[in-house]
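First comes the structure, then the notes that go with it.
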Amino acid sequence: MLREFPPPPRAAEFSETIKKKVQEAKETGGTRETVRVDWNEQQAHVEVIDLPLGGLYLNPGTHRIRAQRSHNAESDAALDEDPWTSASQKYLSFLLQAEPTDPNVRDPDFEKLKESLEQFGQNDPGLVTHQGVLVNGNTRAVALRLLGAQTMRVGVLPESFTWADINAVELSLQLRMDHRRDYTYVNRLLAMEEQASLGRTPEQIAKEFRIQVKTYHQERWILSTIKELIDRSKSGGGVTLRLVDWEGAQERLKELHRLYVKLESVDRDQAEVLKEWRLAAILLEFSKTDVRHIDEDFLKEDYLSQALPASFTSEAPDADDENAVSIPGLGMTVPGASSAVAEARALNDQLLRAAAAVRHTGAGLADSDKARGQGVLDDARKAFDEAIEVAGRSARLRKRKQLAPARLAEASASIDQCVMDLVQARTSRSLDEEVFDEAVLKLRSSLRKLAQQAGRGLPNPGDGVAWLLRAASSEDPR
């Protein structure tokens, strides 16, 4: 949701400084530097001036680190309370330097940016509001400060700009095709959600983000699922998973959505169970190829239940009691989710709460709780690993069993096409009969080899194999 932030300290004083510098730039004559600003299908060219870095504020509403803010719950809360304090600005600076998928690690891209600024200086100006809040160039400002720079070139946005305008400008800059550094996946999802909250239609948002409308709906489903999982991960101590925990899961989440949509119209319960199991596997950091083995056959053969320890299966709720839905006024209830869905959700809830405890970076959680959570995750990963391994072997075996029939089906399709080609060739009198005859002889040889292998070990062959054996054993008419 779009948030309006209060003005930073000494905003009026800084605004006067900006006005004076802009006026000076206009009065000096010569070539003036401007930068184009796009927002809400509008354009403007704004003056570029030098401003002291010490007076500029990092933007607390930037989409670039929206998800990463959840890395530290206490710092995030302090940032919400007052984004202009030294501690809040330091937290923003820390996140802008951090690896998006793991804020505890320094981002190599930030190091490259810093090296570029040190070697070549600032090529492109940032953007700043009249109150001194950076709209574009936050990461560059952090790098320049670390390099000891005193000033930064920035374009000055109109004084009338609201926070809605500021967000629209940042989004427009980010989505330009030539922009150097993309939003991370979850931050793109949050930016789409924000645009929807402003009343924009799916078609407008899809156009802005250069995606199809169906992709937009897929992204909204994924963000809704992530937020639901975060809510379900809450424990008694208030510890939860974070948005940043789902960075890097883009392709696995998209494949999950495609599977869910395909199965939901056929069997809703099956779709829900596989959704829970795949989400659990993503949480346990299984690869995309491993997660793919969690499919309809995985559910049908019940691979996971055979591998799970009793500690996971014993805590599943009774679906008939827990999920029964009461119909007001009729004095009756109807079944809710099936027991299989309830068990899958219960398993996933255990893993979500355990992962929340293990990944918690703040104070207030005992080491014993983290160790217990890690034990749950280790046991679950071992069980999932075993089940996925068995499913993988089974899938490879099915593929081998189906390979020969599939090859024969392809050959049949080729022969059917050959019939049509033969008719056309004879009609146009373009058939090379000698070459065609040689090809038929090769086919006869191949069919005899196929018959030799197909007839082995089959005391009672089916109609198809029996015909093949008779055809291959018949005498050559010549």
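Ordering of the structure tokens sets the chain letters (A, B, ...); residue numbers start at 1 within each chain; ligands are numbered from 1 in the order shown.
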
* Asked: Hey, what's within 12 Å of Ala141 (chain A) if we count only C-alpha atoms and toss same-chain stuff fewer than 6 positions away? As a ChimeraX atom specification, please?
  -> /A:51-59,89,92-93,96-97,110,113-114,117,121-122,124-128,133-135,147-154

* To do: Step one, run DSSP on the backbone; step two, keep only residues of region 235-454 of chain A assigned to helix (DSSP H, G or I); then write them as a ChimeraX atom specification.
  => /A:243-246,250-264,268-283,288-291,296-300,303-307,310-313,319-322,339-359,367-427,433-454

Export C-alpha atoms of the chosen residues as a compact mmCIF listing (two decimals), in the first residue's frame?
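And here's result-v1.txt as it stands now:
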# COMPACT_ATOMS: atom_id res chain seq x y z
CA LEU A 243 9.31 -11.31 2.53
CA VAL A 244 13.03 -11.53 1.81
CA ASP A 245 12.93 -15.28 2.58
CA TRP A 246 11.14 -15.84 -0.73
CA GLN A 250 10.65 -17.04 -8.61
CA GLU A 251 10.73 -19.92 -11.09
CA ARG A 252 9.65 -22.55 -8.55
CA LEU A 253 6.69 -20.39 -7.48
CA LYS A 254 5.66 -19.80 -11.09
CA GLU A 255 5.79 -23.52 -11.86
CA LEU A 256 3.72 -24.15 -8.73
CA HIS A 257 1.06 -21.71 -9.96
CA ARG A 258 0.89 -23.40 -13.37
CA LEU A 259 0.46 -26.84 -11.76
CA TYR A 260 -2.13 -25.52 -9.30
CA VAL A 261 -4.25 -23.90 -12.03
CA LYS A 262 -4.12 -27.08 -14.10
CA LEU A 263 -5.24 -29.33 -11.24
CA GLU A 264 -7.69 -27.01 -9.46
CA ARG A 268 -9.33 -29.02 -5.81
CA ASP A 269 -8.11 -31.17 -2.91
CA GLN A 270 -5.32 -32.68 -5.01
CA ALA A 271 -4.28 -29.19 -6.09
CA GLU A 272 -4.21 -27.97 -2.47
CA VAL A 273 -2.14 -30.91 -1.22
CA LEU A 274 0.44 -30.58 -3.98
CA LYS A 275 0.53 -26.82 -3.40
CA GLU A 276 1.36 -27.34 0.29
CA TRP A 277 3.98 -29.99 -0.42
CA ARG A 278 5.68 -27.96 -3.14
CA LEU A 279 5.72 -24.86 -0.93
CA ALA A 280 7.30 -26.95 1.82
CA ALA A 281 9.96 -28.18 -0.62
CA ILE A 282 10.65 -24.60 -1.74
CA LEU A 283 10.97 -23.55 1.90
CA LYS A 288 13.61 -26.61 -9.30
CA THR A 289 14.22 -30.06 -10.81
CA ASP A 290 13.65 -31.73 -7.43
CA VAL A 291 10.42 -29.81 -6.78
CA GLU A 296 0.21 -36.19 -9.32
CA ASP A 297 2.16 -39.49 -9.26
CA PHE A 298 4.02 -38.31 -6.13
CA LEU A 299 0.66 -37.86 -4.42
CA LYS A 300 -0.88 -41.04 -5.81
CA TYR A 303 5.90 -41.24 -1.29
CA LEU A 304 6.08 -38.52 1.36
CA SER A 305 3.94 -40.21 3.99
CA GLN A 306 6.14 -43.29 3.76
CA ALA A 307 9.25 -41.21 4.50
CA ALA A 310 5.90 -40.00 13.21
CA SER A 311 6.54 -36.59 14.80
CA PHE A 312 5.13 -34.93 11.68
CA THR A 313 2.16 -37.17 11.03
CA ALA A 319 -10.23 -32.66 9.34
CA ASP A 320 -13.81 -33.64 10.13
CA ASP A 321 -13.71 -31.80 13.46
CA GLU A 322 -11.38 -28.90 12.68
CA SER A 339 -8.11 -34.88 5.74
CA ALA A 340 -5.32 -35.01 3.16
CA VAL A 341 -5.43 -31.22 2.74
CA ALA A 342 -5.56 -30.70 6.52
CA GLU A 343 -2.56 -32.99 7.03
CA ALA A 344 -0.56 -31.24 4.32
CA ARG A 345 -1.34 -27.83 5.83
CA ALA A 346 -0.44 -29.04 9.31
CA LEU A 347 2.91 -30.36 8.06
CA ASN A 348 3.65 -27.12 6.25
CA ASP A 349 2.65 -25.03 9.28
CA GLN A 350 5.22 -26.93 11.37
CA LEU A 351 7.92 -26.19 8.82
CA LEU A 352 6.91 -22.55 8.46
CA ARG A 353 7.12 -21.93 12.19
CA ALA A 354 10.42 -23.80 12.43
CA ALA A 355 11.90 -21.82 9.53
CA ALA A 356 10.69 -18.56 11.09
CA ALA A 357 12.52 -19.40 14.31
CA VAL A 358 15.74 -20.44 12.55
CA ARG A 359 15.84 -17.37 10.31
CA ASP A 367 19.03 -20.58 21.14
CA SER A 368 17.21 -23.74 22.21
CA ASP A 369 14.16 -22.66 20.19
CA LYS A 370 16.32 -22.10 17.13
CA ALA A 371 18.03 -25.45 17.62
CA ARG A 372 14.65 -27.17 17.94
CA GLY A 373 13.45 -25.48 14.77
CA GLN A 374 16.60 -26.51 12.91
CA GLY A 375 16.01 -30.10 14.02
CA VAL A 376 12.49 -29.99 12.56
CA LEU A 377 13.80 -28.64 9.27
CA ASP A 378 16.60 -31.22 9.11
CA ASP A 379 14.17 -34.10 9.71
CA ALA A 380 11.75 -32.75 7.13
CA ARG A 381 14.46 -32.21 4.54
CA LYS A 382 15.71 -35.77 5.02
CA ALA A 383 12.17 -37.11 4.53
CA PHE A 384 11.49 -34.94 1.47
CA ASP A 385 14.88 -35.87 0.03
CA GLU A 386 14.11 -39.57 0.38
CA ALA A 387 10.62 -39.21 -1.09
CA ILE A 388 11.83 -37.09 -4.03
CA GLU A 389 14.63 -39.57 -4.72
CA VAL A 390 12.14 -42.46 -4.89
CA ALA A 391 9.79 -40.39 -7.06
CA GLY A 392 12.67 -39.52 -9.37
CA ARG A 393 13.64 -43.16 -9.81
CA SER A 394 10.03 -44.06 -10.50
CA ALA A 395 9.70 -41.25 -13.04
CA ARG A 396 12.85 -42.37 -14.84
CA LEU A 397 11.53 -45.95 -14.93
CA ARG A 398 8.18 -44.81 -16.33
CA LYS A 399 9.99 -42.80 -18.95
CA ARG A 400 12.01 -45.84 -20.02
CA LYS A 401 8.85 -47.96 -20.15
CA GLN A 402 7.10 -45.38 -22.30
CA LEU A 403 10.05 -44.58 -24.53
CA ALA A 404 9.65 -47.47 -27.01
CA PRO A 405 5.88 -46.94 -27.50
CA ALA A 406 6.46 -43.21 -27.88
CA ARG A 407 9.12 -43.79 -30.55
CA LEU A 408 6.75 -46.13 -32.42
CA ALA A 409 3.97 -43.53 -32.23
CA GLU A 410 6.33 -40.96 -33.76
CA ALA A 411 7.24 -43.43 -36.51
CA SER A 412 3.55 -44.03 -37.22
CA ALA A 413 2.94 -40.32 -37.50
CA SER A 414 5.87 -40.04 -39.91
CA ILE A 415 4.47 -42.87 -42.06
CA ASP A 416 1.06 -41.17 -42.13
CA GLN A 417 2.75 -38.00 -43.34
CA CYS A 418 4.67 -40.08 -45.87
CA VAL A 419 1.35 -41.31 -47.34
CA MET A 420 0.28 -37.73 -47.99
CA ASP A 421 3.69 -36.84 -49.44
CA LEU A 422 3.56 -39.89 -51.71
CA VAL A 423 0.15 -38.90 -53.09
CA GLN A 424 1.34 -35.36 -53.79
CA ALA A 425 4.56 -36.59 -55.41
CA ARG A 426 2.67 -38.94 -57.77
CA THR A 427 0.18 -36.22 -58.65
CA GLU A 433 10.80 -44.38 -57.34
CA GLU A 434 14.28 -45.84 -56.94
CA VAL A 435 15.06 -43.83 -53.82
CA PHE A 436 11.59 -44.58 -52.46
CA ASP A 437 12.10 -48.32 -53.02
CA GLU A 438 15.40 -48.21 -51.10
CA ALA A 439 13.66 -46.46 -48.22
CA VAL A 440 10.96 -49.18 -48.12
CA LEU A 441 13.64 -51.88 -47.95
CA LYS A 442 15.22 -50.07 -44.99
CA LEU A 443 11.79 -49.97 -43.34
CA ARG A 444 11.39 -53.73 -43.89
CA SER A 445 14.77 -54.34 -42.27
CA SER A 446 13.88 -52.14 -39.32
CA LEU A 447 10.51 -53.88 -38.85
CA ARG A 448 12.22 -57.28 -38.81
CA LYS A 449 14.64 -56.07 -36.10
CA LEU A 450 11.70 -54.67 -34.14
CA ALA A 451 9.79 -57.97 -34.47
CA GLN A 452 12.83 -59.94 -33.30
CA GLN A 453 13.04 -57.89 -30.09
CA ALA A 454 9.28 -57.53 -29.53

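For region 224-392 of chain A, backbone-based DSSP labels the following residues as strand (DSSP E): Val325, Ser326, Ile327, Met332, Thr333 and Val334 of chain A.
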
* Asked: CA of Arg220 (chain A) to CA of Leu189 (chain A): how many Å, to one decimal?
  -> 6.9 Å

* Please provide the set of residues having any atom within 10 Å of Asp231 (chain A), restricted to only C-alpha atoms, with same-chain residues fewer than 3 positions apart removed, written as a VMD selection string. => chain A and resid 225 to 228 234 to 235 240 to 242 352 to 353

Could you dump the residues just selected with N, CA, C and O atoms as a PDB file, in the first residue's frame?
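Listed below is the output, part19.pdb:
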ATOM      1  N   THR A 225       0.014 -15.730  -1.902  1.00  0.00           N
ATOM      2  CA  THR A 225       0.452 -16.988  -1.278  1.00  0.00           C
ATOM      3  C   THR A 225       1.597 -16.740  -0.313  1.00  0.00           C
ATOM      4  O   THR A 225       1.625 -17.288   0.804  1.00  0.00           O
ATOM      5  N   ILE A 226       2.562 -15.916  -0.706  1.00  0.00           N
ATOM      6  CA  ILE A 226       3.699 -15.602   0.172  1.00  0.00           C
ATOM      7  C   ILE A 226       3.204 -14.947   1.461  1.00  0.00           C
ATOM      8  O   ILE A 226       3.645 -15.303   2.561  1.00  0.00           O
ATOM      9  N   LYS A 227       2.302 -13.983   1.338  1.00  0.00           N
ATOM     10  CA  LYS A 227       1.795 -13.288   2.529  1.00  0.00           C
ATOM     11  C   LYS A 227       1.010 -14.240   3.431  1.00  0.00           C
ATOM     12  O   LYS A 227       1.072 -14.143   4.661  1.00  0.00           O
ATOM     13  N   GLU A 228       0.285 -15.167   2.828  1.00  0.00           N
ATOM     14  CA  GLU A 228      -0.441 -16.164   3.628  1.00  0.00           C
ATOM     15  C   GLU A 228       0.536 -17.044   4.396  1.00  0.00           C
ATOM     16  O   GLU A 228       0.324 -17.347   5.586  1.00  0.00           O
ATOM     17  N   LYS A 234       3.588 -17.436  11.972  1.00  0.00           N
ATOM     18  CA  LYS A 234       3.646 -16.755  13.262  1.00  0.00           C
ATOM     19  C   LYS A 234       3.558 -17.756  14.408  1.00  0.00           C
ATOM     20  O   LYS A 234       2.733 -18.666  14.400  1.00  0.00           O
ATOM     21  N   SER A 235       4.416 -17.559  15.379  1.00  0.00           N
ATOM     22  CA  SER A 235       4.400 -18.409  16.568  1.00  0.00           C
ATOM     23  C   SER A 235       4.000 -17.570  17.766  1.00  0.00           C
ATOM     24  O   SER A 235       3.736 -16.371  17.650  1.00  0.00           O
ATOM     25  N   THR A 240       8.084 -14.450  12.782  1.00  0.00           N
ATOM     26  CA  THR A 240       7.497 -14.835  11.498  1.00  0.00           C
ATOM     27  C   THR A 240       8.573 -14.895  10.430  1.00  0.00           C
ATOM     28  O   THR A 240       9.677 -14.379  10.596  1.00  0.00           O
ATOM     29  N   LEU A 241       8.217 -15.550   9.334  1.00  0.00           N
ATOM     30  CA  LEU A 241       9.061 -15.477   8.153  1.00  0.00           C
ATOM     31  C   LEU A 241       9.000 -14.060   7.582  1.00  0.00           C
ATOM     32  O   LEU A 241       8.138 -13.271   7.955  1.00  0.00           O
ATOM     33  N   ARG A 242       9.894 -13.756   6.647  1.00  0.00           N
ATOM     34  CA  ARG A 242       9.985 -12.411   6.081  1.00  0.00           C
ATOM     35  C   ARG A 242       9.793 -12.476   4.565  1.00  0.00           C
ATOM     36  O   ARG A 242       9.974 -13.526   3.947  1.00  0.00           O
ATOM     37  N   LEU A 352       6.899 -24.009   8.522  1.00  0.00           N
ATOM     38  CA  LEU A 352       6.905 -22.546   8.455  1.00  0.00           C
ATOM     39  C   LEU A 352       7.326 -21.936   9.786  1.00  0.00           C
ATOM     40  O   LEU A 352       8.141 -21.010   9.842  1.00  0.00           O
ATOM     41  N   ARG A 353       6.772 -22.467  10.866  1.00  0.00           N
ATOM     42  CA  ARG A 353       7.120 -21.932  12.188  1.00  0.00           C
ATOM     43  C   ARG A 353       8.570 -22.246  12.541  1.00  0.00           C
ATOM     44  O   ARG A 353       9.273 -21.415  13.140  1.00  0.00           O
TER      45      ARG A 353
END

Identify, on the basis of only C-alpha atoms, every residue whose closest approach to Glu111 (chain A) does not exceed 12 Å; exclude the query and any residue fewer than 3 positions from it along the same chain; express the result as a PDB file with all heavy atoms, in the first residue's frame.
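Result written to result28.pdb:
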ATOM      1  N   LEU A  96      20.767  -1.272   1.125  1.00  0.00           N
ATOM      2  CA  LEU A  96      21.132  -0.904  -0.239  1.00  0.00           C
ATOM      3  C   LEU A  96      22.491  -1.491  -0.643  1.00  0.00           C
ATOM      4  O   LEU A  96      22.782  -1.612  -1.834  1.00  0.00           O
ATOM      5  CB  LEU A  96      21.163   0.620  -0.379  1.00  0.00           C
ATOM      6  CG  LEU A  96      19.786   1.292  -0.378  1.00  0.00           C
ATOM      7  CD1 LEU A  96      19.915   2.790  -0.160  1.00  0.00           C
ATOM      8  CD2 LEU A  96      19.046   1.007  -1.686  1.00  0.00           C
ATOM      9  N   GLN A  97      23.305  -1.847   0.322  1.00  0.00           N
ATOM     10  CA  GLN A  97      24.609  -2.467   0.039  1.00  0.00           C
ATOM     11  C   GLN A  97      24.538  -3.994   0.048  1.00  0.00           C
ATOM     12  O   GLN A  97      25.509  -4.658  -0.319  1.00  0.00           O
ATOM     13  CB  GLN A  97      25.634  -2.035   1.091  1.00  0.00           C
ATOM     14  CG  GLN A  97      25.873  -0.542   1.170  1.00  0.00           C
ATOM     15  CD  GLN A  97      26.783  -0.195   2.331  1.00  0.00           C
ATOM     16  OE1 GLN A  97      27.903  -0.682   2.420  1.00  0.00           O
ATOM     17  NE2 GLN A  97      26.300   0.647   3.232  1.00  0.00           N
ATOM     18  N   ALA A  98      23.410  -4.550   0.484  1.00  0.00           N
ATOM     19  CA  ALA A  98      23.330  -5.979   0.767  1.00  0.00           C
ATOM     20  C   ALA A  98      22.861  -6.789  -0.437  1.00  0.00           C
ATOM     21  O   ALA A  98      22.192  -6.284  -1.341  1.00  0.00           O
ATOM     22  CB  ALA A  98      22.388  -6.217   1.948  1.00  0.00           C
ATOM     23  N   GLU A  99      23.212  -8.071  -0.419  1.00  0.00           N
ATOM     24  CA  GLU A  99      22.723  -9.025  -1.399  1.00  0.00           C
ATOM     25  C   GLU A  99      21.212  -9.178  -1.207  1.00  0.00           C
ATOM     26  O   GLU A  99      20.750  -9.447  -0.097  1.00  0.00           O
ATOM     27  CB  GLU A  99      23.414 -10.373  -1.199  1.00  0.00           C
ATOM     28  CG  GLU A  99      22.883 -11.508  -2.055  1.00  0.00           C
ATOM     29  CD  GLU A  99      23.277 -11.343  -3.510  1.00  0.00           C
ATOM     30  OE1 GLU A  99      24.416 -10.978  -3.795  1.00  0.00           O
ATOM     31  OE2 GLU A  99      22.383 -11.587  -4.350  1.00  0.00           O
ATOM     32  N   VAL A 105      24.979 -10.617   3.462  1.00  0.00           N
ATOM     33  CA  VAL A 105      26.123 -10.676   2.552  1.00  0.00           C
ATOM     34  C   VAL A 105      26.178  -9.395   1.722  1.00  0.00           C
ATOM     35  O   VAL A 105      25.146  -8.887   1.288  1.00  0.00           O
ATOM     36  CB  VAL A 105      26.012 -11.905   1.618  1.00  0.00           C
ATOM     37  CG1 VAL A 105      27.167 -11.948   0.629  1.00  0.00           C
ATOM     38  CG2 VAL A 105      25.953 -13.187   2.444  1.00  0.00           C
ATOM     39  N   ARG A 106      27.362  -8.871   1.500  1.00  0.00           N
ATOM     40  CA  ARG A 106      27.552  -7.668   0.676  1.00  0.00           C
ATOM     41  C   ARG A 106      27.281  -8.008  -0.789  1.00  0.00           C
ATOM     42  O   ARG A 106      27.762  -9.014  -1.300  1.00  0.00           O
ATOM     43  CB  ARG A 106      28.981  -7.154   0.849  1.00  0.00           C
ATOM     44  CG  ARG A 106      29.227  -5.734   0.306  1.00  0.00           C
ATOM     45  CD  ARG A 106      28.648  -4.704   1.240  1.00  0.00           C
ATOM     46  NE  ARG A 106      29.063  -3.353   0.923  1.00  0.00           N
ATOM     47  CZ  ARG A 106      30.153  -2.761   1.401  1.00  0.00           C
ATOM     48  NH1 ARG A 106      30.968  -3.441   2.196  1.00  0.00           N
ATOM     49  NH2 ARG A 106      30.423  -1.509   1.099  1.00  0.00           N
ATOM     50  N   ASP A 107      26.535  -7.159  -1.461  1.00  0.00           N
ATOM     51  CA  ASP A 107      26.160  -7.393  -2.855  1.00  0.00           C
ATOM     52  C   ASP A 107      27.345  -7.103  -3.782  1.00  0.00           C
ATOM     53  O   ASP A 107      27.870  -5.982  -3.786  1.00  0.00           O
ATOM     54  CB  ASP A 107      24.977  -6.494  -3.216  1.00  0.00           C
ATOM     55  CG  ASP A 107      24.397  -6.828  -4.585  1.00  0.00           C
ATOM     56  OD1 ASP A 107      24.941  -7.720  -5.255  1.00  0.00           O
ATOM     57  OD2 ASP A 107      23.401  -6.197  -4.967  1.00  0.00           O
ATOM     58  N   PRO A 108      27.784  -8.064  -4.591  1.00  0.00           N
ATOM     59  CA  PRO A 108      28.884  -7.808  -5.538  1.00  0.00           C
ATOM     60  C   PRO A 108      28.563  -6.675  -6.509  1.00  0.00           C
ATOM     61  O   PRO A 108      29.459  -5.948  -6.937  1.00  0.00           O
ATOM     62  CB  PRO A 108      29.049  -9.152  -6.272  1.00  0.00           C
ATOM     63  CG  PRO A 108      28.461 -10.168  -5.342  1.00  0.00           C
ATOM     64  CD  PRO A 108      27.349  -9.472  -4.625  1.00  0.00           C
ATOM     65  N   LYS A 114      30.444   0.887  -6.814  1.00  0.00           N
ATOM     66  CA  LYS A 114      31.378   1.717  -6.046  1.00  0.00           C
ATOM     67  C   LYS A 114      32.689   1.897  -6.806  1.00  0.00           C
ATOM     68  O   LYS A 114      33.240   3.016  -6.888  1.00  0.00           O
ATOM     69  CB  LYS A 114      31.620   1.065  -4.684  1.00  0.00           C
ATOM     70  CG  LYS A 114      32.493   1.867  -3.737  1.00  0.00           C
ATOM     71  CD  LYS A 114      32.648   1.113  -2.426  1.00  0.00           C
ATOM     72  CE  LYS A 114      33.722   1.746  -1.553  1.00  0.00           C
ATOM     73  NZ  LYS A 114      33.992   0.934  -0.355  1.00  0.00           N
ATOM     74  N   GLU A 115      33.191   0.812  -7.380  1.00  0.00           N
ATOM     75  CA  GLU A 115      34.438   0.884  -8.154  1.00  0.00           C
ATOM     76  C   GLU A 115      34.273   1.788  -9.377  1.00  0.00           C
ATOM     77  O   GLU A 115      35.168   2.562  -9.726  1.00  0.00           O
ATOM     78  CB  GLU A 115      34.861  -0.518  -8.586  1.00  0.00           C
ATOM     79  CG  GLU A 115      35.335  -1.401  -7.435  1.00  0.00           C
ATOM     80  CD  GLU A 115      35.605  -2.822  -7.883  1.00  0.00           C
ATOM     81  OE1 GLU A 115      35.510  -3.080  -9.114  1.00  0.00           O
ATOM     82  OE2 GLU A 115      35.884  -3.683  -7.027  1.00  0.00           O
ATOM     83  N   SER A 116      33.106   1.689 -10.031  1.00  0.00           N
ATOM     84  CA  SER A 116      32.845   2.516 -11.203  1.00  0.00           C
ATOM     85  C   SER A 116      32.800   3.993 -10.830  1.00  0.00           C
ATOM     86  O   SER A 116      33.361   4.842 -11.543  1.00  0.00           O
ATOM     87  CB  SER A 116      31.526   2.093 -11.859  1.00  0.00           C
ATOM     88  OG  SER A 116      31.196   2.942 -12.927  1.00  0.00           O
ATOM     89  N   LEU A 117      32.143   4.309  -9.723  1.00  0.00           N
ATOM     90  CA  LEU A 117      32.062   5.700  -9.277  1.00  0.00           C
ATOM     91  C   LEU A 117      33.438   6.237  -8.901  1.00  0.00           C
ATOM     92  O   LEU A 117      33.765   7.396  -9.170  1.00  0.00           O
ATOM     93  CB  LEU A 117      31.104   5.811  -8.088  1.00  0.00           C
ATOM     94  CG  LEU A 117      29.614   5.652  -8.404  1.00  0.00           C
ATOM     95  CD1 LEU A 117      28.812   5.530  -7.114  1.00  0.00           C
ATOM     96  CD2 LEU A 117      29.107   6.828  -9.222  1.00  0.00           C
ATOM     97  N   GLU A 118      34.253   5.396  -8.300  1.00  0.00           N
ATOM     98  CA  GLU A 118      35.590   5.825  -7.902  1.00  0.00           C
ATOM     99  C   GLU A 118      36.467   6.085  -9.128  1.00  0.00           C
ATOM    100  O   GLU A 118      37.271   7.028  -9.148  1.00  0.00           O
ATOM    101  CB  GLU A 118      36.232   4.761  -7.014  1.00  0.00           C
ATOM    102  CG  GLU A 118      37.587   5.168  -6.451  1.00  0.00           C
ATOM    103  CD  GLU A 118      38.131   4.153  -5.470  1.00  0.00           C
ATOM    104  OE1 GLU A 118      37.744   2.959  -5.568  1.00  0.00           O
ATOM    105  OE2 GLU A 118      38.928   4.531  -4.596  1.00  0.00           O
ATOM    106  N   THR A 139      21.233   4.136  -4.065  1.00  0.00           N
ATOM    107  CA  THR A 139      22.402   3.261  -3.967  1.00  0.00           C
ATOM    108  C   THR A 139      23.684   4.027  -4.312  1.00  0.00           C
ATOM    109  O   THR A 139      24.718   3.858  -3.664  1.00  0.00           O
ATOM    110  CB  THR A 139      22.249   2.043  -4.895  1.00  0.00           C
ATOM    111  OG1 THR A 139      20.958   1.468  -4.709  1.00  0.00           O
ATOM    112  CG2 THR A 139      23.304   1.002  -4.594  1.00  0.00           C
ATOM    113  N   ARG A 140      23.592   4.894  -5.322  1.00  0.00           N
ATOM    114  CA  ARG A 140      24.758   5.707  -5.686  1.00  0.00           C
ATOM    115  C   ARG A 140      25.147   6.645  -4.550  1.00  0.00           C
ATOM    116  O   ARG A 140      26.336   6.878  -4.300  1.00  0.00           O
ATOM    117  CB  ARG A 140      24.450   6.514  -6.957  1.00  0.00           C
ATOM    118  CG  ARG A 140      24.683   5.740  -8.246  1.00  0.00           C
ATOM    119  CD  ARG A 140      24.205   6.521  -9.436  1.00  0.00           C
ATOM    120  NE  ARG A 140      22.753   6.510  -9.528  1.00  0.00           N
ATOM    121  CZ  ARG A 140      22.049   7.282 -10.351  1.00  0.00           C
ATOM    122  NH1 ARG A 140      22.674   8.141 -11.145  1.00  0.00           N
ATOM    123  NH2 ARG A 140      20.743   7.201 -10.402  1.00  0.00           N
ATOM    124  N   VAL A 142      24.794   6.122  -1.344  1.00  0.00           N
ATOM    125  CA  VAL A 142      25.486   5.333  -0.320  1.00  0.00           C
ATOM    126  C   VAL A 142      26.929   5.082  -0.741  1.00  0.00           C
ATOM    127  O   VAL A 142      27.870   5.229   0.054  1.00  0.00           O
ATOM    128  CB  VAL A 142      24.750   3.998  -0.081  1.00  0.00           C
ATOM    129  CG1 VAL A 142      25.553   3.098   0.853  1.00  0.00           C
ATOM    130  CG2 VAL A 142      23.362   4.248   0.504  1.00  0.00           C
ATOM    131  N   ALA A 143      27.125   4.708  -2.020  1.00  0.00           N
ATOM    132  CA  ALA A 143      28.478   4.442  -2.516  1.00  0.00           C
ATOM    133  C   ALA A 143      29.339   5.704  -2.495  1.00  0.00           C
ATOM    134  O   ALA A 143      30.513   5.664  -2.107  1.00  0.00           O
ATOM    135  CB  ALA A 143      28.405   3.864  -3.926  1.00  0.00           C
ATOM    136  N   LEU A 144      28.767   6.830  -2.890  1.00  0.00           N
ATOM    137  CA  LEU A 144      29.519   8.086  -2.899  1.00  0.00           C
ATOM    138  C   LEU A 144      29.928   8.496  -1.485  1.00  0.00           C
ATOM    139  O   LEU A 144      31.038   8.998  -1.268  1.00  0.00           O
ATOM    140  CB  LEU A 144      28.679   9.192  -3.552  1.00  0.00           C
ATOM    141  CG  LEU A 144      28.534   9.109  -5.080  1.00  0.00           C
ATOM    142  CD1 LEU A 144      27.479  10.085  -5.566  1.00  0.00           C
ATOM    143  CD2 LEU A 144      29.871   9.381  -5.755  1.00  0.00           C
ATOM    144  N   LEU A 146      30.532   6.447   0.978  1.00  0.00           N
ATOM    145  CA  LEU A 146      31.633   5.571   1.387  1.00  0.00           C
ATOM    146  C   LEU A 146      32.946   5.988   0.732  1.00  0.00           C
ATOM    147  O   LEU A 146      34.024   5.753   1.295  1.00  0.00           O
ATOM    148  CB  LEU A 146      31.304   4.120   1.022  1.00  0.00           C
ATOM    149  CG  LEU A 146      30.169   3.463   1.818  1.00  0.00           C
ATOM    150  CD1 LEU A 146      29.880   2.061   1.281  1.00  0.00           C
ATOM    151  CD2 LEU A 146      30.505   3.398   3.294  1.00  0.00           C
ATOM    152  N   LEU A 147      32.871   6.612  -0.440  1.00  0.00           N
ATOM    153  CA  LEU A 147      34.067   7.062  -1.141  1.00  0.00           C
ATOM    154  C   LEU A 147      34.532   8.435  -0.651  1.00  0.00           C
ATOM    155  O   LEU A 147      35.556   8.943  -1.115  1.00  0.00           O
ATOM    156  CB  LEU A 147      33.792   7.118  -2.654  1.00  0.00           C
ATOM    157  CG  LEU A 147      33.599   5.762  -3.344  1.00  0.00           C
ATOM    158  CD1 LEU A 147      33.117   5.956  -4.777  1.00  0.00           C
ATOM    159  CD2 LEU A 147      34.896   4.960  -3.325  1.00  0.00           C
TER     160      LEU A 147
END

* Within 9 Å of region 38-49 of chain A using only C-alpha atoms, minus same-chain residues under 6 positions, as a list in words -> Ile18, Lys21, Val22, Ala25, Lys26, Arg32, Pro125, Gly126, Leu127, Met152, Arg153, Val154, Gly155, Val156, Leu157, Pro158, Asp165, Ile166, Asn167, Ala168, Val169, Glu170, Leu171, Ser172 and Leu173 of chain A

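Compared by their closest atoms to Gly61 (chain A), and using only C-alpha atoms, the residues A:Ile294, A:Ala78, A:Val35, A:Ala164 rank with A:Ala164 nearest.
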